[in-house]
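To be precise, the following lines are structure_26.txt, and they hold compact mmCIF, C-alpha atoms and all ligand atoms.
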```txt
# COMPACT_ATOMS: atom_id res chain seq x y z
CA MET T 1 227.03 231.42 163.07
CA ARG T 2 229.16 234.53 163.12
CA ILE T 3 232.25 234.42 165.33
CA ASP T 4 232.50 237.75 167.17
CA ARG T 5 235.34 237.19 169.61
CA VAL T 6 237.76 234.51 170.78
CA ASP T 7 239.58 234.46 174.15
CA ILE T 8 242.54 232.21 174.88
CA ILE T 9 242.90 231.88 178.65
CA ARG T 10 245.92 230.19 180.15
CA VAL T 11 245.20 228.61 183.53
CA LYS T 12 247.18 226.61 186.07
CA ASN T 13 245.52 224.24 188.53
CA PRO T 14 247.68 222.28 191.02
CA PHE T 15 247.47 218.47 191.03
CA VAL T 16 246.45 216.92 194.35
CA HIS T 17 249.15 214.28 193.78
CA PRO T 18 252.02 215.67 191.67
CA PHE T 19 253.60 212.99 189.49
CA GLU T 20 256.99 212.54 187.97
CA THR T 21 258.27 211.13 184.68
CA SER T 22 261.92 210.53 183.92
CA PHE T 23 262.28 214.13 182.62
CA VAL T 24 259.84 216.35 184.39
CA LYS T 25 257.68 216.71 187.47
CA PHE T 26 254.01 217.52 186.84
CA VAL T 27 252.87 219.69 189.73
CA GLU T 28 249.98 221.48 188.04
CA ARG T 29 247.68 221.22 185.04
CA ASP T 30 248.79 224.01 182.75
CA ALA T 31 246.05 224.42 180.15
CA LEU T 32 244.53 226.76 177.57
CA ILE T 33 240.81 227.45 177.74
CA ILE T 34 239.14 228.65 174.53
CA LYS T 35 236.10 230.86 174.79
CA ILE T 36 234.26 231.66 171.54
CA TYR T 37 231.60 234.39 171.45
CA SER T 38 228.95 234.10 168.74
CA GLU T 39 225.69 236.02 168.40
CA GLY T 40 225.15 236.35 172.14
CA LEU T 41 226.23 232.79 173.02
CA ILE T 42 229.53 231.47 174.40
CA GLY T 43 231.17 228.12 173.60
CA TYR T 44 234.03 226.66 175.64
CA GLY T 45 236.83 224.33 174.65
CA GLU T 46 239.89 223.04 176.49
CA CYS T 47 243.25 222.46 174.87
CA LYS T 48 244.61 219.12 176.18
CA ALA T 49 248.29 219.83 175.55
CA PHE T 50 250.73 219.84 178.47
CA HIS T 51 253.34 222.42 179.40
CA ALA T 52 256.04 220.39 177.61
CA PRO T 53 256.02 218.09 174.53
CA LEU T 54 256.29 214.83 176.51
CA TYR T 55 253.20 212.81 175.69
CA ASN T 56 252.63 214.46 172.33
CA PRO T 57 254.74 216.56 169.92
CA GLU T 58 252.52 219.58 170.74
CA ASP T 59 252.62 221.58 173.96
CA ASN T 60 250.87 224.69 175.22
CA GLY T 61 253.48 226.94 173.60
CA THR T 62 253.05 225.42 170.14
CA CYS T 63 249.28 225.30 170.55
CA LEU T 64 249.13 228.96 171.52
CA HIS T 65 251.17 229.85 168.44
CA VAL T 66 248.98 227.80 166.09
CA ILE T 67 245.67 228.89 167.63
CA ARG T 68 246.62 232.56 167.74
CA ASN T 69 248.23 232.86 164.31
CA PHE T 70 246.36 230.35 162.15
CA LEU T 71 243.15 228.99 163.68
CA VAL T 72 241.59 232.14 165.16
CA PRO T 73 242.14 234.16 161.94
CA SER T 74 240.35 231.36 160.04
CA ILE T 75 237.10 231.94 161.95
CA LEU T 76 237.11 235.42 163.54
CA HIS T 77 234.47 237.81 162.09
CA GLN T 78 233.37 235.07 159.73
CA ASP T 79 230.29 232.94 159.34
CA ILE T 80 230.83 229.30 160.06
CA GLU T 81 228.35 226.48 159.86
CA GLY T 82 229.79 224.37 162.66
CA PRO T 83 232.64 222.13 163.81
CA ALA T 84 232.82 220.02 160.61
CA GLU T 85 233.10 223.05 158.34
CA TYR T 86 235.73 224.54 160.66
CA MET T 87 237.85 221.37 160.38
CA GLU T 88 237.73 221.60 156.57
CA ARG T 89 238.64 225.27 156.74
CA VAL T 90 241.74 224.65 158.86
CA SER T 91 242.88 221.56 156.95
CA PHE T 92 245.71 223.70 155.53
CA VAL T 93 247.33 223.40 158.99
CA ILE T 94 249.23 220.10 159.05
CA GLY T 95 249.04 218.02 162.24
CA ASN T 96 248.64 220.19 165.36
CA ARG T 97 245.57 218.17 166.30
CA LEU T 98 245.42 219.23 169.95
CA ALA T 99 245.38 222.88 168.90
CA LYS T 100 242.68 222.28 166.27
CA ALA T 101 240.59 220.20 168.67
CA SER T 102 240.45 222.96 171.28
CA ILE T 103 238.51 225.24 168.89
CA GLU T 104 236.53 222.34 167.46
CA ASN T 105 235.40 221.44 170.98
CA ALA T 106 234.32 225.06 171.62
CA LEU T 107 232.31 225.04 168.36
CA TRP T 108 230.53 221.85 169.47
CA ASP T 109 229.70 223.59 172.76
CA LEU T 110 228.31 226.56 170.81
CA LYS T 111 226.24 224.17 168.72
CA THR T 112 224.69 222.64 171.88
CA LYS T 113 223.69 226.15 172.98
CA ARG T 114 222.33 227.28 169.62
CA GLU T 115 220.26 224.14 169.17
CA GLU T 116 219.45 223.80 172.89
CA LYS T 117 220.41 220.14 172.79
CA SER T 118 222.97 218.18 174.82
CA LEU T 119 226.19 217.01 173.20
CA LYS T 120 224.94 213.45 173.76
CA THR T 121 221.85 214.15 171.67
CA LEU T 122 223.79 215.98 168.95
CA ILE T 123 226.24 213.09 168.45
CA GLY T 124 223.69 210.29 168.85
CA GLY T 125 224.80 209.08 172.28
CA PHE T 126 223.28 205.89 173.65
CA TYR T 127 224.37 205.29 177.25
CA ASN T 128 222.91 207.17 180.21
CA GLU T 129 225.94 206.44 182.35
CA VAL T 130 229.47 205.20 181.65
CA LYS T 131 231.83 203.00 183.66
CA VAL T 132 235.05 204.28 185.18
CA GLY T 133 238.33 202.36 185.39
CA VAL T 134 241.46 203.22 187.35
CA SER T 135 244.96 203.63 185.94
CA LEU T 136 247.83 203.07 188.38
CA GLY T 137 251.38 204.30 187.94
CA ILE T 138 254.52 202.30 188.68
CA GLU T 139 254.83 202.05 192.47
CA PRO T 140 258.17 201.75 194.30
CA THR T 141 257.22 198.32 195.74
CA ILE T 142 254.72 195.56 195.00
CA PRO T 143 253.03 195.84 198.45
CA ALA T 144 252.50 199.56 197.78
CA LEU T 145 250.84 198.69 194.46
CA LEU T 146 248.66 196.00 196.06
CA ASN T 147 247.49 198.53 198.66
CA LYS T 148 246.45 200.92 195.91
CA ILE T 149 244.62 198.20 194.01
CA GLU T 150 242.77 197.23 197.17
CA LYS T 151 241.77 200.84 197.79
CA TYR T 152 240.38 201.40 194.29
CA LEU T 153 238.62 198.04 194.13
CA GLY T 154 236.94 199.08 197.37
CA GLU T 155 235.74 202.23 195.63
CA GLY T 156 234.17 200.13 192.88
CA TYR T 157 236.37 200.90 189.86
CA HIS T 158 235.39 198.67 186.95
CA ARG T 159 238.87 197.94 185.59
CA THR T 160 242.38 198.10 187.00
CA LYS T 161 245.11 199.25 184.63
CA LEU T 162 248.77 198.94 185.56
CA LYS T 163 251.50 200.96 183.90
CA ILE T 164 254.44 198.73 183.00
CA LYS T 165 257.96 199.30 181.69
CA PRO T 166 260.89 196.98 180.94
CA GLY T 167 261.97 195.33 184.20
CA LYS T 168 258.72 196.30 185.92
CA ASP T 169 256.25 194.00 184.20
CA ILE T 170 255.94 190.23 184.50
CA GLU T 171 256.88 189.94 188.19
CA ILE T 172 254.34 192.62 189.06
CA LEU T 173 251.64 190.87 187.04
CA LYS T 174 252.37 187.53 188.74
CA GLU T 175 251.91 189.05 192.19
CA VAL T 176 248.81 191.04 191.25
CA ARG T 177 247.14 187.99 189.68
CA ARG T 178 248.09 185.84 192.69
CA HIS T 179 246.20 188.25 194.96
CA TYR T 180 243.39 189.11 192.53
CA PRO T 181 242.82 186.18 190.15
CA ASP T 182 239.49 187.45 188.78
CA ILE T 183 239.58 191.25 188.49
CA THR T 184 239.37 192.98 185.09
CA LEU T 185 243.05 193.75 184.62
CA THR T 186 244.96 195.54 181.84
CA VAL T 187 248.47 196.89 181.34
CA ASP T 188 249.66 200.03 179.56
CA ALA T 189 253.22 199.99 178.20
CA ASN T 190 253.16 203.49 176.67
CA SER T 191 255.36 202.31 173.73
CA GLY T 192 258.08 201.06 176.09
CA TYR T 193 258.92 197.84 174.22
CA THR T 194 259.99 196.48 170.82
CA LEU T 195 259.39 193.25 168.90
CA ALA T 196 262.54 191.89 170.58
CA ASP T 197 260.28 191.53 173.65
CA ILE T 198 257.82 189.20 171.87
CA GLU T 199 258.46 186.30 174.29
CA LEU T 200 257.60 188.54 177.23
CA PHE T 201 254.23 189.38 175.68
CA LYS T 202 253.57 185.70 174.89
CA ALA T 203 254.20 184.99 178.58
CA MET T 204 251.58 187.60 179.49
CA ASP T 205 248.85 185.50 177.82
CA GLU T 206 248.57 183.41 180.98
CA PHE T 207 247.43 186.42 183.04
CA ASN T 208 244.08 186.77 181.27
CA LEU T 209 244.46 190.51 180.66
CA GLU T 210 241.54 192.33 179.04
CA TYR T 211 244.14 193.97 176.79
CA ILE T 212 247.75 195.17 176.52
CA GLU T 213 247.78 198.87 175.71
CA GLN T 214 250.28 200.36 173.25
CA PRO T 215 253.20 197.94 173.75
CA LEU T 216 255.28 199.21 170.79
CA ALA T 217 256.19 202.50 169.14
CA GLU T 218 253.40 204.90 168.31
CA ASP T 219 254.25 205.07 164.60
CA ASP T 220 254.55 201.31 164.23
CA ILE T 221 251.29 199.59 163.41
CA VAL T 222 253.22 197.04 161.31
CA ASP T 223 255.11 195.59 164.29
CA HIS T 224 251.92 195.70 166.34
CA ALA T 225 250.33 193.45 163.67
CA VAL T 226 253.20 190.95 164.03
CA LEU T 227 252.84 191.00 167.82
CA GLN T 228 249.03 190.67 167.74
CA LYS T 229 249.38 187.58 165.55
CA ALA T 230 251.77 186.01 168.07
CA ILE T 231 249.66 186.52 171.22
CA ARG T 232 246.11 185.74 172.34
CA THR T 233 245.68 188.84 174.52
CA PRO T 234 244.08 191.71 172.56
CA ILE T 235 246.31 194.68 171.82
CA CYS T 236 244.70 198.07 172.43
CA LEU T 237 246.22 200.92 170.46
CA ASP T 238 246.34 204.35 172.10
CA GLU T 239 249.15 206.67 170.93
CA SER T 240 249.15 205.12 167.42
CA ILE T 241 245.60 206.25 166.63
CA VAL T 242 245.59 209.92 165.61
CA SER T 243 242.89 209.89 162.90
CA VAL T 244 240.26 207.72 161.27
CA ASP T 245 242.83 206.94 158.61
CA THR T 246 245.40 205.55 161.07
CA ALA T 247 242.56 203.56 162.67
CA ARG T 248 241.55 202.13 159.27
CA LYS T 249 245.14 201.06 158.55
CA ALA T 250 245.53 199.48 162.00
CA LEU T 251 242.30 197.52 161.53
CA GLU T 252 243.25 196.39 158.00
CA LEU T 253 246.61 195.13 159.28
CA ASN T 254 244.99 193.51 162.37
CA SER T 255 247.36 195.52 164.55
CA CYS T 256 244.88 195.62 167.44
CA LYS T 257 241.52 194.36 168.65
CA ILE T 258 240.61 197.38 170.78
CA ILE T 259 241.17 201.15 170.44
CA ASN T 260 241.52 203.83 173.11
CA ILE T 261 240.10 207.06 171.66
CA LYS T 262 241.54 210.27 173.02
CA SER T 263 239.46 212.77 171.10
CA SER T 264 241.89 215.70 171.15
CA ARG T 265 244.78 213.57 169.92
CA CYS T 266 242.59 212.75 166.91
CA GLY T 267 241.70 216.40 166.20
CA GLY T 268 238.40 216.56 168.04
CA ILE T 269 234.95 215.13 168.57
CA GLY T 270 234.06 214.85 164.85
CA GLU T 271 237.08 212.68 164.00
CA SER T 272 236.52 210.59 167.15
CA ILE T 273 232.96 209.81 166.05
CA LYS T 274 234.34 208.61 162.68
CA ILE T 275 236.83 206.32 164.48
CA HIS T 276 234.06 205.05 166.74
CA ASP T 277 231.83 204.24 163.75
CA LEU T 278 234.61 202.52 161.83
CA CYS T 279 235.51 200.37 164.84
CA MET T 280 231.86 199.48 165.35
CA GLN T 281 231.63 198.20 161.75
CA HIS T 282 234.66 196.00 162.48
CA ASN T 283 233.39 194.76 165.88
CA VAL T 284 236.35 196.43 167.57
CA PRO T 285 235.32 197.92 170.94
CA VAL T 286 236.61 201.33 171.99
CA TRP T 287 236.93 203.23 175.26
CA CYS T 288 237.68 206.83 176.15
CA GLY T 289 241.16 207.76 177.35
CA GLY T 290 242.04 210.70 179.57
CA MET T 291 244.66 213.45 179.60
CA THR T 292 244.15 214.82 183.13
CA GLU T 293 241.57 217.21 181.73
CA LEU T 294 239.97 220.06 183.60
CA GLY T 295 236.19 220.07 183.82
CA ILE T 296 235.39 221.32 180.31
CA GLY T 297 237.32 218.52 178.63
CA ARG T 298 236.21 215.95 181.21
CA VAL T 299 232.50 216.64 180.61
CA GLN T 300 232.96 216.43 176.82
CA ASN T 301 234.70 213.06 177.29
CA ILE T 302 231.71 211.74 179.25
CA SER T 303 229.36 212.74 176.42
CA LEU T 304 231.59 211.20 173.75
CA ALA T 305 231.75 207.95 175.74
CA SER T 306 227.94 207.66 175.51
CA LEU T 307 228.24 206.42 171.90
CA PRO T 308 227.21 202.76 171.63
CA ASN T 309 230.58 201.16 170.81
CA PHE T 310 232.32 202.69 173.89
CA THR T 311 231.80 199.40 175.71
CA LEU T 312 234.87 199.10 177.96
CA ALA T 313 235.61 201.05 181.16
CA HIS T 314 237.03 204.55 180.60
CA ASP T 315 239.87 206.64 181.98
CA ILE T 316 237.47 209.44 182.93
CA ALA T 317 237.65 209.79 186.69
CA ALA T 318 236.03 212.09 189.19
CA SER T 319 237.66 215.52 189.13
CA ASN T 320 238.82 215.24 192.75
CA ARG T 321 241.18 212.36 191.89
CA TYR T 322 243.34 215.07 190.31
CA PHE T 323 242.26 218.48 191.55
CA ALA T 324 241.02 220.24 194.68
CA ASP T 325 239.43 222.91 192.49
CA ASP T 326 237.88 222.72 189.01
CA ILE T 327 236.17 224.89 186.43
CA THR T 328 232.67 223.40 186.24
CA THR T 329 229.62 223.63 188.49
CA PRO T 330 229.11 221.02 189.76
CA VAL T 331 232.56 219.41 189.52
CA VAL T 332 232.54 215.99 187.85
CA ASN T 333 231.87 213.24 190.36
CA THR T 334 231.15 209.53 190.14
CA THR T 335 228.02 207.75 191.34
CA GLU T 336 228.14 205.13 194.10
CA ARG T 337 228.29 202.61 191.22
CA CYS T 338 231.56 204.22 190.08
CA THR T 339 229.97 205.49 186.91
CA LEU T 340 229.49 208.95 185.44
CA ILE T 341 226.05 210.16 184.42
CA VAL T 342 225.98 211.51 180.86
CA PRO T 343 224.35 214.96 180.80
CA ASP T 344 221.26 215.17 178.59
CA GLU T 345 218.00 217.12 178.31
CA THR T 346 215.97 214.69 180.37
CA ASN T 347 218.04 213.67 183.39
CA GLY T 348 218.67 217.08 184.94
CA VAL T 349 222.46 216.59 184.90
CA ARG T 350 224.01 219.78 183.62
CA TYR T 351 227.50 221.22 183.96
CA GLU T 352 228.10 224.97 183.72
CA VAL T 353 231.51 226.55 183.31
CA ASP T 354 232.54 228.34 186.51
CA GLU T 355 234.03 231.64 185.36
CA THR T 356 235.12 232.57 188.89
CA ALA T 357 237.20 229.35 189.03
CA ILE T 358 238.79 230.21 185.67
CA ASP T 359 239.63 233.67 187.06
CA ARG T 360 241.24 232.09 190.14
CA MET T 361 243.46 229.89 187.97
CA MET T 362 244.17 232.42 185.21
CA VAL T 363 247.75 233.26 184.30
CA ASN T 364 247.06 235.17 181.11
CA ARG T 365 244.21 236.05 178.74
CA GLU T 366 244.46 237.05 175.07
CA ILE T 367 241.39 238.58 173.48
CA PHE T 368 240.75 238.62 169.74
CA ARG T 369 237.82 240.74 168.59
MG MG T 401 247.63 204.71 177.26
```
Please express the file's structure as structure tokens.
Amino acid sequence: MRIDRVDIIRVKNPFVHPFETSFVKFVERDALIIKIYSEGLIGYGECKAFHAPLYNPEDNGTCLHVIRNFLVPSILHQDIEGPAEYMERVSFVIGNRLAKASIENALWDLKTKREEKSLKTLIGGFYNEVKVGVSLGIEPTIPALLNKIEKYLGEGYHRTKLKIKPGKDIEILKEVRRHYPDITLTVDANSGYTLADIELFKAMDEFNLEYIEQPLAEDDIVDHAVLQKAIRTPICLDESIVSVDTARKALELNSCKIINIKSSRCGGIGESIKIHDLCMQHNVPVWCGGMTELGIGRVQNISLASLPNFTLAHDIAASNRYFADDITTPVVNTTERCTLIVPDETNGVRYEVDETAIDRMMVNREIFR
């Protein structure tokens, strides 16, 4: 397919519930939308970077630079076979996976339109619907947390994940388990601990957690292997897994028993499929993580999660948990079973990009033709 034009559209969409980290307040989703024009068709991709390099070394500023100066010139006015060939072509760009994934995602979207097949069909998806879990931040008090858990259990969420940090961990777990002895419960430490905390993680074995997510540093699969050997609870790696190669090393070292795949962090849908397949060979289940995506990214996550080894509940929520407005028609919503239906050719579920919504949220547009 010949690439005729690429637009990079910067949008801002306010969060319904702004949230704060120790450095920065997130009041809106600041994102780049990629629109690729090819032979009369349009493919959309969403860059998952944030406005600042907090979760990931990349941010929207670095992504814009890389997309504009290196990735777009690699495809504009050229023939390209598809997403896999594009990834080979831009392999001269080191790292910058979120930037690369935004164009890769748009090329997958173009492929669905050229071949008139759903993304689920193109990637060999299996599930018709996928289960949704809830992820809860650190609340000021335990009663406030228990209220939230009660609310989301009432809405049918299939797994409750609690964010933890040093000093806000074991006491919280004790109270939550006392009130809810049987719920599917996990914790996410976002790399907040070190091996010096090994006794703490041993003590967590008694809480029957489905997994402990990313307890140690993101570049440390060696220490994760030591920790996994010392505890019964499965470790789930999130930030550590940025490619099929890091996944292979983590599995060889027995650093984890579960992997959270965030496709953009791994450079896109193609690399995520490779990680999925590798984990399946090793009997290591995976699930799909979220990055407060807008509709384009959210819908692609649902399709990715239809692959057979995505067996645990996902962090792909209904759009309205985050936003009052979104950029797809319809906006992503859960069923009464707290699942998401995977769009395919047969079930009538289809999401279109809402250009008027993009216009409402647009801050800036760059056109390359
Ligand atoms: Mg995580």
Inset, instruction - Just the residues within 9 Å of stretch 250-267 of chain T, please, counting only C-alpha atoms, with nothing from its chain fewer than 3 positions along; format it as an MDAnalysis selection string. - result: chainID T and resid 47:49 56 87 95:102 104:105 211 213 221:229 234:247 270:273 275:276 279 282:291 301 304 314
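Nearest-residue note for T:Lys117: choosing from T:Thr346, T:Asn147, T:Thr141, T:Thr335, the minimum distance belongs to T:Thr346, counting only C-alpha atoms.
For the set T:Phe15, T:Leu32, T:Gly297, T:Leu41, the residue with the smallest atom-to-atom gap to T:Gly61 is T:Leu32, counting all atoms listed in the file.
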Inset, instruction - Kindly indicate which residue among T:Tyr180, T:Phe201, T:Tyr37, T:Tyr55 lies nearest to ligand MG 401 (chain T), using only C-alpha atoms and all ligand atoms for the distances. - result: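 Nearest to ligand MG 401 (chain T): T:Tyr55.
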Inset, instruction - Identify, on the basis of all atoms listed in the file, every residue whose closest approach to T:Gln78 does not exceed 10 Å; exclude the query and any residue fewer than 4 positions from it along the same chain; express the result as a list of chain:residue names. - result: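 These residues fall inside the cut-off: T:Met1, T:Arg2, T:Ile3, T:Asp4, T:Pro73, T:Ser74.
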Inset, instruction - Rank nothing, just name the residue among T:Ile316, T:Ala230, T:Ala189, T:Leu209 nearest to ligand MG 401 (chain T), using only C-alpha atoms and all ligand atoms. - result: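 Of T:Ile316, T:Ala230, T:Ala189, T:Leu209, the one nearest ligand MG 401 (chain T), counting only C-alpha atoms and all ligand atoms, is T:Ala189.
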Inset, instruction - Select, from T:Lys12, T:Lys161, T:Arg29, T:Lys111, the residue with the minimum atom-to-atom distance to ligand MG 401 (chain T), counting all atoms listed in the file. - result: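 When distances to ligand MG 401 (chain T) are compared using all atoms listed in the file, the smallest one comes from T:Lys161.
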Inset, instruction - Go through T:Gly82, T:Glu139, T:Ile33, T:Thr292 one by one, measure the shortest atom-to-atom distance of each to T:Arg365 using only C-alpha atoms, and give the residue with the smallest value. - result: T:Ile33
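Picture a line from atom CA of T:Glu85 to atom CA of T:Phe368; it runs 20.8 Å.
Put simply, atom CA of T:Pro308 is 6.8 Å away from atom CA of T:Gly125.
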Inset, instruction - Take atom CA of T:His65 and atom CA of T:Asp326 and report the distance between them in Å, one decimal. - result: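 It comes out at 25.5 Å.
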